[in-house]
$ cat input05.txt   # compact mmCIF, C-alpha atoms and all ligand atoms
# COMPACT_ATOMS: atom_id res chain seq x y z
CA MET A 14 0.00 0.00 0.00
CA PRO A 15 1.48 3.41 -0.89
CA GLU A 16 2.39 5.39 2.21
CA GLU A 17 -0.08 8.28 1.45
CA SER A 18 -3.14 6.03 1.30
CA ARG A 19 -2.26 4.32 4.55
CA LYS A 20 -4.82 4.85 7.28
CA PRO A 21 -3.31 5.60 10.68
CA VAL A 22 -2.61 2.45 12.66
CA LEU A 23 -4.35 1.79 15.95
CA TYR A 24 -3.06 -0.85 18.34
CA SER A 25 -4.53 -2.16 21.53
CA ALA A 26 -4.27 -5.24 23.68
CA VAL A 27 -5.94 -6.77 26.69
CA GLN A 28 -4.47 -9.45 28.91
CA PRO A 29 -6.49 -12.69 29.06
CA SER A 30 -5.79 -12.78 32.77
CA GLY A 31 -9.42 -13.01 33.88
CA THR A 32 -12.93 -12.49 32.66
CA LEU A 33 -13.17 -8.90 31.52
CA THR A 34 -14.87 -6.43 33.80
CA ILE A 35 -17.13 -3.54 32.97
CA GLY A 36 -14.03 -1.41 33.67
CA ASN A 37 -12.29 -3.05 30.72
CA TYR A 38 -15.43 -2.65 28.65
CA ILE A 39 -15.92 1.05 29.43
CA GLY A 40 -12.22 1.90 29.38
CA ALA A 41 -11.25 -0.14 26.35
CA LEU A 42 -13.50 -2.45 24.35
CA ARG A 43 -16.51 -0.31 23.69
CA ASN A 44 -14.36 2.48 22.28
CA PHE A 45 -12.69 0.17 19.81
CA LYS A 46 -15.80 -0.26 17.68
CA LEU A 47 -16.05 3.51 17.27
CA LEU A 48 -12.50 3.68 15.94
CA GLU A 49 -12.66 0.80 13.48
CA GLN A 50 -13.63 3.02 10.50
CA ASP A 51 -10.84 5.54 10.71
CA TYR A 52 -7.87 3.32 11.49
CA ASP A 53 -6.14 0.13 10.48
CA CYS A 54 -6.65 -1.67 13.75
CA LEU A 55 -4.86 -4.47 15.57
CA PHE A 56 -6.45 -5.97 18.65
CA CYS A 57 -4.23 -8.33 20.54
CA MET A 58 -4.72 -10.84 23.32
CA ALA A 59 -1.65 -10.12 25.45
CA ASP A 60 -1.16 -13.71 26.63
CA LEU A 61 2.60 -13.28 27.18
CA HIS A 62 1.90 -10.35 29.46
CA ALA A 63 -0.58 -12.47 31.39
CA LEU A 64 2.27 -14.83 32.35
CA THR A 65 3.78 -12.13 34.56
CA VAL A 66 1.44 -13.44 37.25
CA ARG A 67 0.79 -17.16 37.76
CA GLN A 68 -1.89 -18.53 35.47
CA GLU A 69 -3.63 -21.86 35.43
CA PRO A 70 -2.70 -23.17 31.94
CA ALA A 71 -6.15 -24.49 30.96
CA ALA A 72 -7.81 -21.29 32.18
CA LEU A 73 -5.38 -19.07 30.28
CA ARG A 74 -6.06 -21.01 27.07
CA ARG A 75 -9.82 -20.79 27.54
CA ARG A 76 -9.74 -17.09 28.39
CA THR A 77 -7.69 -16.31 25.31
CA ALA A 78 -10.41 -17.82 23.10
CA GLU A 79 -13.08 -16.08 25.19
CA LEU A 80 -11.38 -12.74 24.75
CA ALA A 81 -11.21 -13.18 20.98
CA ALA A 82 -14.93 -14.02 21.00
CA LEU A 83 -15.61 -10.99 23.14
CA TYR A 84 -13.79 -8.64 20.78
CA ILE A 85 -16.00 -9.97 17.99
CA ALA A 86 -19.14 -9.89 20.18
CA CYS A 87 -18.46 -6.20 20.85
CA GLY A 88 -18.79 -5.67 17.12
CA LEU A 89 -15.21 -5.80 15.86
CA ASP A 90 -15.06 -7.37 12.44
CA PRO A 91 -12.10 -9.79 12.20
CA LYS A 92 -11.89 -9.20 8.46
CA LYS A 93 -11.50 -5.44 8.83
CA ASN A 94 -9.31 -5.66 11.93
CA ILE A 95 -6.42 -7.88 12.89
CA ILE A 96 -7.42 -9.89 15.96
CA TYR A 97 -4.64 -12.15 17.20
CA ALA A 98 -2.76 -13.67 20.13
CA GLN A 99 0.57 -12.10 21.09
CA SER A 100 2.30 -15.47 21.50
CA HIS A 101 1.43 -16.42 17.91
CA VAL A 102 3.72 -13.69 16.60
CA PRO A 103 7.24 -14.44 17.87
CA MET A 104 8.54 -11.01 16.83
CA HIS A 105 7.02 -9.53 20.00
CA ALA A 106 9.42 -11.42 22.25
CA GLU A 107 12.29 -10.80 19.84
CA LEU A 108 11.84 -7.04 19.67
CA ALA A 109 11.28 -6.93 23.43
CA TRP A 110 14.76 -8.35 23.95
CA ILE A 111 16.35 -5.66 21.81
CA LEU A 112 14.35 -2.93 23.53
CA ASN A 113 15.38 -4.30 26.93
CA CYS A 114 18.86 -3.20 25.97
CA PHE A 115 17.59 0.35 25.45
CA THR A 116 15.61 0.64 28.67
CA TYR A 117 16.95 1.69 32.06
CA MET A 118 16.31 -0.06 35.37
CA GLY A 119 15.58 3.35 36.88
CA GLU A 120 12.72 4.15 34.54
CA LEU A 121 11.18 0.70 34.96
CA SER A 122 11.29 0.95 38.75
CA ARG A 123 9.21 4.12 38.61
CA MET A 124 6.24 2.35 36.99
CA THR A 125 3.14 2.49 39.18
CA GLN A 126 1.78 -0.80 37.85
CA PHE A 127 5.02 -2.57 38.76
CA LYS A 128 4.93 -1.16 42.28
CA ASP A 129 1.25 -2.13 42.68
CA LYS A 130 1.66 -5.64 41.32
CA ALA A 131 4.87 -6.26 43.24
CA ALA A 132 3.01 -5.35 46.43
CA LYS A 133 0.09 -7.61 45.45
CA HIS A 134 2.24 -10.59 44.45
CA ALA A 135 5.08 -10.25 46.94
CA ASP A 136 5.93 -13.95 46.57
CA ASN A 137 6.45 -13.66 42.81
CA ILE A 138 8.16 -10.41 41.88
CA ASN A 139 9.61 -11.81 38.69
CA ALA A 140 11.71 -10.12 36.03
CA GLY A 141 8.81 -10.31 33.57
CA LEU A 142 6.71 -8.14 35.84
CA PHE A 143 9.56 -5.63 35.87
CA THR A 144 10.09 -5.59 32.10
CA TYR A 145 6.34 -5.74 31.31
CA PRO A 146 6.42 -2.20 29.81
CA VAL A 147 9.23 -3.20 27.44
CA LEU A 148 7.18 -6.03 25.95
CA MET A 149 4.29 -3.60 25.70
CA ALA A 150 6.54 -1.15 23.85
CA ALA A 151 7.54 -3.94 21.47
CA ASP A 152 3.85 -4.74 20.83
CA ILE A 153 3.14 -1.17 19.85
CA LEU A 154 6.32 -0.33 17.94
CA LEU A 155 6.32 -3.48 15.77
CA TYR A 156 3.28 -2.20 13.88
CA GLN A 157 4.40 1.42 13.37
CA THR A 158 1.40 2.38 15.46
CA ASP A 159 -0.02 5.90 15.43
CA VAL A 160 -2.50 5.68 18.28
CA VAL A 161 -3.00 3.46 21.30
CA PRO A 162 -6.39 3.65 22.98
CA VAL A 163 -5.80 2.82 26.62
CA GLY A 164 -7.38 3.56 29.93
CA ALA A 165 -5.81 6.30 32.04
CA ASP A 166 -3.97 3.63 34.04
CA GLN A 167 -1.81 2.72 31.04
CA LYS A 168 -0.66 6.23 30.20
CA GLN A 169 2.63 5.80 32.00
CA HIS A 170 3.41 2.68 29.96
CA LEU A 171 2.76 4.56 26.79
CA GLU A 172 5.12 7.32 27.88
CA ILE A 173 7.94 4.87 28.48
CA CYS A 174 7.21 3.31 25.07
CA ARG A 175 7.63 6.73 23.46
CA ASP A 176 10.84 7.34 25.43
CA ILE A 177 12.31 4.02 24.31
CA ALA A 178 11.32 4.65 20.68
CA ASN A 179 12.77 8.17 20.70
CA ARG A 180 15.97 6.90 22.27
CA PHE A 181 16.30 4.21 19.62
CA ASN A 182 15.45 6.59 16.77
CA SER A 183 17.96 9.17 17.99
CA ILE A 184 20.73 6.58 17.61
CA TYR A 185 19.62 4.73 14.47
CA GLY A 186 17.40 7.14 12.53
CA ASP A 187 13.65 6.94 11.98
CA VAL A 188 12.96 3.29 12.69
CA PHE A 189 9.86 3.57 14.86
CA ARG A 190 6.80 5.72 14.50
CA ILE A 191 6.15 7.51 17.80
CA PRO A 192 2.69 6.48 19.08
CA GLU A 193 0.19 8.80 20.72
CA PRO A 194 -2.10 7.76 23.56
CA TYR A 195 -5.78 7.91 22.74
CA ILE A 196 -7.71 8.38 25.93
CA SER A 197 -11.34 9.01 25.11
CA LYS A 198 -13.59 10.86 27.52
CA SER A 199 -15.18 7.67 28.78
CA ALA A 200 -11.86 5.87 29.10
CA ALA A 201 -10.60 8.73 31.22
CA ALA A 202 -13.28 7.70 33.68
CA ARG A 203 -11.55 5.05 35.69
CA ILE A 204 -14.01 2.52 36.99
CA MET A 205 -13.25 1.76 40.61
CA SER A 206 -13.60 -1.39 42.70
CA LEU A 207 -17.10 -1.85 44.15
CA ASN A 208 -15.91 -2.74 47.63
CA ASP A 209 -12.90 -0.43 47.75
CA PRO A 210 -13.56 2.62 45.58
CA SER A 211 -10.05 3.93 46.21
CA SER A 212 -8.55 1.25 43.95
CA LYS A 213 -9.40 0.54 40.33
CA MET A 214 -11.77 -2.22 39.31
CA SER A 215 -9.59 -5.05 38.09
CA LYS A 216 -10.38 -8.48 36.67
CA SER A 217 -7.88 -10.06 39.03
CA GLY A 218 -9.46 -8.42 42.10
CA GLU A 219 -11.74 -9.93 44.78
CA PRO A 220 -14.85 -11.59 43.24
CA ASP A 221 -17.29 -9.00 44.61
CA SER A 222 -15.10 -6.05 43.70
CA PHE A 223 -15.89 -6.22 39.99
CA ILE A 224 -18.71 -6.91 37.58
CA SER A 225 -17.63 -9.19 34.81
CA VAL A 226 -19.05 -8.75 31.33
CA MET A 227 -20.32 -12.34 31.64
CA ASP A 228 -22.18 -11.84 34.94
CA THR A 229 -25.86 -12.78 35.10
CA PRO A 230 -28.47 -10.09 35.82
CA ASP A 231 -28.82 -11.47 39.36
CA ASP A 232 -25.09 -11.26 40.00
CA ILE A 233 -25.02 -7.72 38.66
CA ARG A 234 -27.89 -6.58 40.89
CA ARG A 235 -26.40 -8.31 43.94
CA LYS A 236 -22.91 -6.89 43.47
CA LEU A 237 -24.17 -3.36 42.89
CA ARG A 238 -26.51 -3.52 45.88
CA ARG A 239 -23.51 -4.37 48.05
CA ALA A 240 -21.28 -1.68 46.58
CA VAL A 241 -19.67 0.63 49.13
CA THR A 242 -21.24 4.10 49.32
CA ASP A 243 -21.22 6.64 52.18
CA SER A 244 -23.53 7.97 54.84
CA ASP A 245 -24.26 11.38 53.39
CA GLY A 246 -27.16 10.19 51.25
CA GLU A 247 -26.89 12.64 48.37
CA ILE A 248 -26.36 11.53 44.77
CA ARG A 249 -23.64 13.80 43.46
CA VAL A 250 -20.24 13.58 41.81
CA ASP A 251 -17.38 14.11 44.23
CA ALA A 252 -14.55 11.69 43.53
CA GLU A 253 -12.54 12.77 46.52
CA ASN A 254 -15.14 12.69 49.29
CA LYS A 255 -17.69 10.32 47.74
CA PRO A 256 -15.67 7.84 45.68
CA GLY A 257 -18.20 4.99 45.94
CA VAL A 258 -21.22 7.03 44.89
CA THR A 259 -19.23 8.79 42.17
CA ASN A 260 -18.18 5.41 40.82
CA LEU A 261 -21.80 4.21 40.66
CA ILE A 262 -22.79 7.40 38.86
CA THR A 263 -19.92 6.90 36.40
CA ILE A 264 -20.94 3.31 35.70
CA CYS A 265 -24.58 4.24 35.29
CA ALA A 266 -23.72 7.13 32.97
CA ALA A 267 -21.31 5.15 30.82
CA MET A 268 -23.72 2.24 30.44
CA SER A 269 -26.73 4.40 29.57
CA ASN A 270 -24.94 6.94 27.35
CA ARG A 271 -25.69 9.79 29.65
CA THR A 272 -23.37 12.26 31.32
CA PRO A 273 -22.82 11.89 35.08
CA GLU A 274 -24.65 15.21 35.51
CA GLN A 275 -27.70 13.84 33.67
CA VAL A 276 -27.74 10.76 35.88
CA CYS A 277 -27.67 12.97 38.99
CA GLN A 278 -30.49 15.10 37.60
CA ASP A 279 -32.59 12.07 36.65
CA LEU A 280 -32.22 10.65 40.15
CA ALA A 281 -32.52 13.93 42.06
CA GLY A 282 -34.11 13.52 45.48
CA GLN A 283 -33.81 9.72 45.45
CA GLY A 284 -31.61 7.49 47.59
CA TYR A 285 -28.63 5.26 46.90
CA GLY A 286 -30.94 2.27 46.36
CA ALA A 287 -32.37 3.99 43.29
CA LEU A 288 -28.88 4.79 42.01
CA LYS A 289 -27.81 1.16 42.44
CA ASP A 290 -30.93 -0.10 40.66
CA ALA A 291 -30.49 2.35 37.80
CA ALA A 292 -26.84 1.34 37.44
CA ALA A 293 -27.77 -2.36 37.49
CA GLU A 294 -30.44 -2.00 34.83
CA ALA A 295 -28.11 0.03 32.59
CA VAL A 296 -25.35 -2.57 32.95
CA ILE A 297 -27.72 -5.50 32.30
CA ALA A 298 -29.23 -3.88 29.21
CA THR A 299 -25.83 -3.05 27.72
CA LEU A 300 -24.35 -6.47 28.35
CA ALA A 301 -27.31 -8.64 27.25
CA PRO A 302 -26.71 -8.47 23.46
CA ILE A 303 -22.94 -8.85 23.91
CA GLN A 304 -23.41 -11.93 26.08
CA ALA A 305 -25.77 -13.52 23.57
CA GLU A 306 -23.35 -12.91 20.71
CA HIS A 307 -20.41 -14.15 22.76
CA LYS A 308 -22.21 -17.40 23.50
CA ARG A 309 -22.97 -17.93 19.83
CA ILE A 310 -19.35 -17.33 18.80
CA MET A 311 -17.90 -19.50 21.59
CA ALA A 312 -19.93 -22.43 20.30
CA ASP A 313 -17.89 -22.33 17.08
CA LYS A 314 -14.35 -23.18 18.15
CA ALA A 315 -13.16 -23.72 14.57
CA TYR A 316 -14.22 -20.18 13.67
CA ILE A 317 -12.23 -18.72 16.57
CA ALA A 318 -9.18 -20.78 15.62
CA ASP A 319 -9.46 -19.50 12.03
CA VAL A 320 -9.76 -15.89 13.11
CA LEU A 321 -6.64 -16.20 15.27
CA LYS A 322 -4.64 -17.98 12.61
CA ASP A 323 -5.54 -15.41 10.00
CA GLY A 324 -4.85 -12.57 12.45
CA ALA A 325 -1.43 -13.96 13.36
CA GLU A 326 -0.46 -14.28 9.70
CA ARG A 327 -1.45 -10.71 8.87
CA ALA A 328 0.21 -9.35 12.01
CA SER A 329 3.41 -11.32 11.36
CA ALA A 330 3.81 -9.86 7.89
CA ILE A 331 3.87 -6.33 9.34
CA ALA A 332 5.92 -7.19 12.43
CA PHE A 333 8.54 -8.98 10.39
CA LYS A 334 9.35 -5.85 8.38
CA THR A 335 9.95 -3.74 11.47
CA LEU A 336 12.00 -6.41 13.20
CA ARG A 337 14.25 -6.92 10.16
CA LYS A 338 14.91 -3.22 10.01
CA VAL A 339 15.78 -3.16 13.72
CA TYR A 340 18.11 -6.17 13.43
CA LYS A 341 19.87 -4.53 10.53
CA LYS A 342 20.20 -1.17 12.28
CA VAL A 343 21.68 -2.58 15.48
CA GLY A 344 24.17 -4.67 13.53
CA LEU A 345 22.88 -8.21 13.75
CA TYR A 346 24.31 -10.15 10.83
CA GLN A 347 21.61 -10.66 8.20
CA GLY A 348 23.55 -12.64 5.57
P1 LIG B 401 -5.42 -7.18 35.71
O1 LIG B 401 -6.40 -7.23 36.82
O2 LIG B 401 -5.09 -8.52 35.14
O3 LIG B 401 -4.22 -6.33 35.97
P2 LIG B 401 -7.03 -5.20 34.41
O4 LIG B 401 -8.46 -5.49 34.68
O5 LIG B 401 -6.42 -4.08 35.17
O6 LIG B 401 -6.16 -6.49 34.50
P3 LIG B 401 -5.86 -4.86 31.77
O7 LIG B 401 -5.82 -6.11 30.99
O8 LIG B 401 -4.62 -4.42 32.43
O9 LIG B 401 -7.02 -4.90 32.86
O10 LIG B 401 -6.43 -3.68 30.87
C1 LIG B 401 -7.20 -3.80 29.71
C2 LIG B 401 -7.74 -2.46 29.28
O11 LIG B 401 -8.80 -2.05 30.13
C3 LIG B 401 -6.71 -1.32 29.31
O12 LIG B 401 -6.93 -0.46 28.22
C4 LIG B 401 -7.02 -0.61 30.60
O13 LIG B 401 -6.64 0.73 30.56
C5 LIG B 401 -8.52 -0.76 30.69
N1 LIG B 401 -8.96 -0.79 32.08
C6 LIG B 401 -8.62 -1.73 32.99
N2 LIG B 401 -9.22 -1.49 34.17
C7 LIG B 401 -9.95 -0.36 33.99
C8 LIG B 401 -10.80 0.40 34.85
N3 LIG B 401 -11.03 0.02 36.09
N4 LIG B 401 -11.41 1.48 34.34
C9 LIG B 401 -11.21 1.87 33.05
N5 LIG B 401 -10.42 1.20 32.20
C10 LIG B 401 -9.79 0.09 32.65
N1 LIG B 402 -0.73 -3.49 29.59
C1 LIG B 402 -1.94 -3.34 28.85
C2 LIG B 402 -2.20 -4.49 27.93
C3 LIG B 402 -1.31 -4.32 26.79
C4 LIG B 402 -1.37 -3.27 25.83
C5 LIG B 402 -0.31 -3.53 24.92
C6 LIG B 402 -2.19 -2.17 25.65
C7 LIG B 402 -0.28 -5.13 26.43
N2 LIG B 402 0.31 -4.66 25.33
C8 LIG B 402 -0.08 -2.69 23.84
C9 LIG B 402 -1.95 -1.33 24.57
C10 LIG B 402 -0.91 -1.58 23.68
C11 LIG B 402 -3.07 -3.17 29.74
O1 LIG B 402 -4.03 -2.66 29.31
N3 LIG B 402 -2.94 -3.56 30.96
$ encode --input "input05.txt" --output "structure tokens" --more "lines below"
Ligand code: ATP
Ligand code: LTN
Amino acid sequence: MPEESRKPVLYSAVQPSGTLTIGNYIGALRNFKLLEQDYDCLFCMADLHALTVRQEPAALRRRTAELAALYIACGLDPKKNIIYAQSHVPMHAELAWILNCFTYMGELSRMTQFKDKAAKHADNINAGLFTYPVLMAADILLYQTDVVPVGADQKQHLEICRDIANRFNSIYGDVFRIPEPYISKSAAARIMSLNDPSSKMSKSGEPDSFISVMDTPDDIRRKLRRAVTDSDGEIRVDAENKPGVTNLITICAAMSNRTPEQVCQDLAGQGYGALKDAAAEAVIATLAPIQAEHKRIMADKAYIADVLKDGAERASAIAFKTLRKVYKKVGLYQG
């Protein structure tokens, strides 16, 4: 394809480290569909990244297929987009090694996610957890990516990716395109844990701290009813003093395509019970069609395998070009 007619490249990935939560959906997946038209998109299952914490092998395999099905259930067309598993494209690990040699221990030790995960998994602070951002940089840079839609929590990783790419380019010339973060308004809204609204909702958190995109309506109602609020009784946005209530308003707004202010207006004068019910109904209604589609796709294992094989082939063709250029630039003998 001639360079001028190239659409900008969008790259994103999610770890198949658990069943996705509504935080992942609001912060990542639902925005992808809106971007499909304007970009050449790659959506990756970051299974190598998932290995930075212990995984049960059978569960990791199953979740990788489930995540692919979920991407498709959220409306992403695997013909238009490249949907693939990170481990199927060996150039990710290869480029990560090279980039490791252009990344400083000091910058990696400043990463908030590393500090958080090291505290959470004190018995397994492995080197992969430490160099996680380098593999992520390799993911992005292999495809000459223009934009990376990520939740606010991943901004720091994107900054280090840009730093590594700039460092490399300043030595070897223009090898990597410098990616920009794409943080949409709704992704900027971090969805917080239901039982501890001071920490983010995470698929590897306590079972009642998150709503999974696969939860039944009963589960959703139960979890939201138990969500931590406060004793002041007023439905209003105040992230600092009312993090639990603010989080419920955010969820309700995001899942019913309203602004937080509209939700507050619509519920004016009512109690937290009404807010929780409204949030539950909005979540249930949004997830129902996705769950039905996901079930249908999951029943066709051969289709999922085909999508991933095709995705890996198309991704490899692009990744190979970048990696060859890098190998040549750094002086690896190419014959
Ligand atoms: P883990 O619990 O395994 O660390 P996670 O739930 O934090 O995982 P990731 O796989 O790290 O999720 O992230 C996938 C995408 O979802 C990223 O774009 C991330 O920014 C976004 N995301 C994750 N959690 C939230 C959240 N609570 N609110 C908004 N966006 C989120
Ligand atoms: N660390 C990311 C997942 C991820 C990613 C990427 C996101 C791995 N590689 C490349 C964007 C681009 C996360 O969301 N936790």
$ residues_around --input "input05.txt" --residues "Lys213 of chain A" --least-positions-apart "3" --cutoff "9 Å" --atoms "all atoms listed in the file" --output "PyMOL selection string"
chain A and resi 36+166+203-207+209-210
$ atom_distance --input "input05.txt" --atom1 "atom CA of Leu48 of chain A" --atom2 "atom CA of Ala202 of chain A"
18.2 Å
$ residues_around --input "input05.txt" --residues "segment 134-144 of chain A" --least-positions-apart "6" --cutoff "7 Å" --atoms "all atoms listed in the file" --output "JSON, numbers by chain"
{"A": [65, 121, 127]}
$ residues_near_ligand --input "input05.txt" --ligand "ligand LIG 402 (chain B)" --cutoff "6 Å" --atoms "all atoms listed in the file" --output "compact mmCIF listing (two decimals) with C-alpha atoms, in the coordinates of the input"
# COMPACT_ATOMS: atom_id res chain seq x y z
CA TYR A 24 -3.06 -0.85 18.34
CA SER A 25 -4.53 -2.16 21.53
CA ALA A 26 -4.27 -5.24 23.68
CA VAL A 27 -5.94 -6.77 26.69
CA GLN A 28 -4.47 -9.45 28.91
CA ALA A 59 -1.65 -10.12 25.45
CA MET A 149 4.29 -3.60 25.70
CA ASP A 152 3.85 -4.74 20.83
CA ILE A 153 3.14 -1.17 19.85
CA VAL A 161 -3.00 3.46 21.30
$ closest_atom_pairs --input "input05.txt" --of "chain A" --to "ligand LIG 401 (chain B)" --cutoff "10 Å" --atoms "all atoms listed in the file" --output "JSON lines"
{"residue": "A:Ser25", "atom": "CA", "partner": "B:LIG401", "partner_atom": "O12", "distance": 7.3}
{"residue": "A:Ala26", "atom": "CA", "partner": "B:LIG401", "partner_atom": "C1", "distance": 6.9}
{"residue": "A:Val27", "atom": "CA", "partner": "B:LIG401", "partner_atom": "O7", "distance": 4.4}
{"residue": "A:Gln28", "atom": "CA", "partner": "B:LIG401", "partner_atom": "O7", "distance": 4.2}
{"residue": "A:Pro29", "atom": "CA", "partner": "B:LIG401", "partner_atom": "O7", "distance": 6.9}
{"residue": "A:Ser30", "atom": "CA", "partner": "B:LIG401", "partner_atom": "O2", "distance": 4.9}
{"residue": "A:Gly31", "atom": "CA", "partner": "B:LIG401", "partner_atom": "O2", "distance": 6.4}
{"residue": "A:Thr32", "atom": "CA", "partner": "B:LIG401", "partner_atom": "O4", "distance": 8.5}
{"residue": "A:Leu33", "atom": "CA", "partner": "B:LIG401", "partner_atom": "O4", "distance": 6.6}
{"residue": "A:Thr34", "atom": "CA", "partner": "B:LIG401", "partner_atom": "O4", "distance": 6.5}
{"residue": "A:Ile35", "atom": "CA", "partner": "B:LIG401", "partner_atom": "C8", "distance": 7.7}
{"residue": "A:Gly36", "atom": "CA", "partner": "B:LIG401", "partner_atom": "C8", "distance": 3.9}
{"residue": "A:Asn37", "atom": "CA", "partner": "B:LIG401", "partner_atom": "O11", "distance": 3.7}
{"residue": "A:Tyr38", "atom": "CA", "partner": "B:LIG401", "partner_atom": "O11", "distance": 6.8}
{"residue": "A:Ile39", "atom": "CA", "partner": "B:LIG401", "partner_atom": "C9", "distance": 6.0}
{"residue": "A:Gly40", "atom": "CA", "partner": "B:LIG401", "partner_atom": "N5", "distance": 3.4}
{"residue": "A:Ala41", "atom": "CA", "partner": "B:LIG401", "partner_atom": "O12", "distance": 4.7}
{"residue": "A:Leu42", "atom": "CA", "partner": "B:LIG401", "partner_atom": "O11", "distance": 7.5}
{"residue": "A:Asn44", "atom": "CA", "partner": "B:LIG401", "partner_atom": "O12", "distance": 10.0}
{"residue": "A:Met58", "atom": "CA", "partner": "B:LIG401", "partner_atom": "O7", "distance": 9.1}
{"residue": "A:Ala59", "atom": "CA", "partner": "B:LIG401", "partner_atom": "O7", "distance": 8.0}
{"residue": "A:Asp60", "atom": "CA", "partner": "B:LIG401", "partner_atom": "O7", "distance": 9.9}
{"residue": "A:His62", "atom": "CA", "partner": "B:LIG401", "partner_atom": "O7", "distance": 8.9}
{"residue": "A:Ala63", "atom": "CA", "partner": "B:LIG401", "partner_atom": "O2", "distance": 7.1}
{"residue": "A:Thr65", "atom": "CA", "partner": "B:LIG401", "partner_atom": "O2", "distance": 9.6}
{"residue": "A:Val66", "atom": "CA", "partner": "B:LIG401", "partner_atom": "O2", "distance": 8.4}
{"residue": "A:Gln126", "atom": "CA", "partner": "B:LIG401", "partner_atom": "O3", "distance": 8.4}
{"residue": "A:Asp129", "atom": "CA", "partner": "B:LIG401", "partner_atom": "O3", "distance": 9.6}
{"residue": "A:Lys130", "atom": "CA", "partner": "B:LIG401", "partner_atom": "O3", "distance": 8.0}
{"residue": "A:Val161", "atom": "CA", "partner": "B:LIG401", "partner_atom": "O12", "distance": 8.9}
{"residue": "A:Pro162", "atom": "CA", "partner": "B:LIG401", "partner_atom": "O12", "distance": 6.7}
{"residue": "A:Val163", "atom": "CA", "partner": "B:LIG401", "partner_atom": "O12", "distance": 3.8}
{"residue": "A:Gly164", "atom": "CA", "partner": "B:LIG401", "partner_atom": "O13", "distance": 3.0}
{"residue": "A:Ala165", "atom": "CA", "partner": "B:LIG401", "partner_atom": "O13", "distance": 5.8}
{"residue": "A:Asp166", "atom": "CA", "partner": "B:LIG401", "partner_atom": "O13", "distance": 5.3}
{"residue": "A:Gln167", "atom": "CA", "partner": "B:LIG401", "partner_atom": "O13", "distance": 5.2}
{"residue": "A:Lys168", "atom": "CA", "partner": "B:LIG401", "partner_atom": "O13", "distance": 8.1}
{"residue": "A:Ile196", "atom": "CA", "partner": "B:LIG401", "partner_atom": "O13", "distance": 9.0}
{"residue": "A:Ser199", "atom": "CA", "partner": "B:LIG401", "partner_atom": "C9", "distance": 8.2}
{"residue": "A:Ala200", "atom": "CA", "partner": "B:LIG401", "partner_atom": "C9", "distance": 5.7}
{"residue": "A:Ala201", "atom": "CA", "partner": "B:LIG401", "partner_atom": "C9", "distance": 7.1}
{"residue": "A:Ala202", "atom": "CA", "partner": "B:LIG401", "partner_atom": "C9", "distance": 6.2}
{"residue": "A:Arg203", "atom": "CA", "partner": "B:LIG401", "partner_atom": "N4", "distance": 3.8}
{"residue": "A:Ile204", "atom": "CA", "partner": "B:LIG401", "partner_atom": "N4", "distance": 3.9}
{"residue": "A:Met205", "atom": "CA", "partner": "B:LIG401", "partner_atom": "N3", "distance": 5.3}
{"residue": "A:Ser206", "atom": "CA", "partner": "B:LIG401", "partner_atom": "N3", "distance": 7.2}
{"residue": "A:Ser212", "atom": "CA", "partner": "B:LIG401", "partner_atom": "N3", "distance": 8.3}
{"residue": "A:Lys213", "atom": "CA", "partner": "B:LIG401", "partner_atom": "N3", "distance": 4.6}
{"residue": "A:Met214", "atom": "CA", "partner": "B:LIG401", "partner_atom": "N3", "distance": 4.0}
{"residue": "A:Ser215", "atom": "CA", "partner": "B:LIG401", "partner_atom": "O4", "distance": 3.6}
{"residue": "A:Lys216", "atom": "CA", "partner": "B:LIG401", "partner_atom": "O4", "distance": 4.1}
{"residue": "A:Ser217", "atom": "CA", "partner": "B:LIG401", "partner_atom": "O1", "distance": 3.9}
{"residue": "A:Gly218", "atom": "CA", "partner": "B:LIG401", "partner_atom": "O1", "distance": 6.2}
{"residue": "A:Glu219", "atom": "CA", "partner": "B:LIG401", "partner_atom": "O1", "distance": 10.0}
{"residue": "A:Phe223", "atom": "CA", "partner": "B:LIG401", "partner_atom": "N3", "distance": 8.8}
{"residue": "A:Ser225", "atom": "CA", "partner": "B:LIG401", "partner_atom": "O4", "distance": 9.9}
{"residue": "A:Ile264", "atom": "CA", "partner": "B:LIG401", "partner_atom": "N4", "distance": 9.8}
$ closest_residue --input "input05.txt" --among "A:Leu237, A:Leu89, A:Leu155, A:Val226" --to "Glu107 of chain A" --atoms "only C-alpha atoms"
A:Leu155
$ atom_distance --input "input05.txt" --atom1 "atom CA of Ser329 of chain A" --atom2 "atom CA of Leu55 of chain A"
11.5 Å
$ atom_distance --input "input05.txt" --atom1 "atom CA of Pro91 of chain A" --atom2 "atom CA of Asp323 of chain A"
8.9 Å
$ closest_residue --input "input05.txt" --among "A:Ala106, A:Cys277, A:Leu261, A:Ala267" --to "Arg249 of chain A" --atoms "all atoms listed in the file"
A:Cys277
$ closest_residue --input "input05.txt" --among "A:Tyr316, A:Tyr195, A:Tyr145, A:Tyr285" --to "Arg238 of chain A" --atoms "only C-alpha atoms"
A:Tyr285
$ closest_residue --input "input05.txt" --among "A:Thr229, A:Val22, A:Ala330, A:Ser244" --to "Pro192 of chain A" --atoms "all atoms listed in the file"
A:Val22
$ residues_near_point --input "input05.txt" --point "(-22.5, 9.7, 28.1)" --cutoff "12 Å" --atoms "only C-alpha atoms" --output "list of chain:residue names"
A:Ile39, A:Ser197, A:Lys198, A:Ser199, A:Ala200, A:Ala202, A:Ile262, A:Thr263, A:Ile264, A:Cys265, A:Ala266, A:Ala267, A:Met268, A:Ser269, A:Asn270, A:Arg271, A:Thr272, A:Pro273, A:Glu274, A:Gln275, A:Val276
$ residues_around --input "input05.txt" --residues "Asn94 of chain A" --least-positions-apart "6" --cutoff "8 Å" --atoms "all atoms listed in the file" --output "PyMOL selection string"
chain A and resi 49+53-56
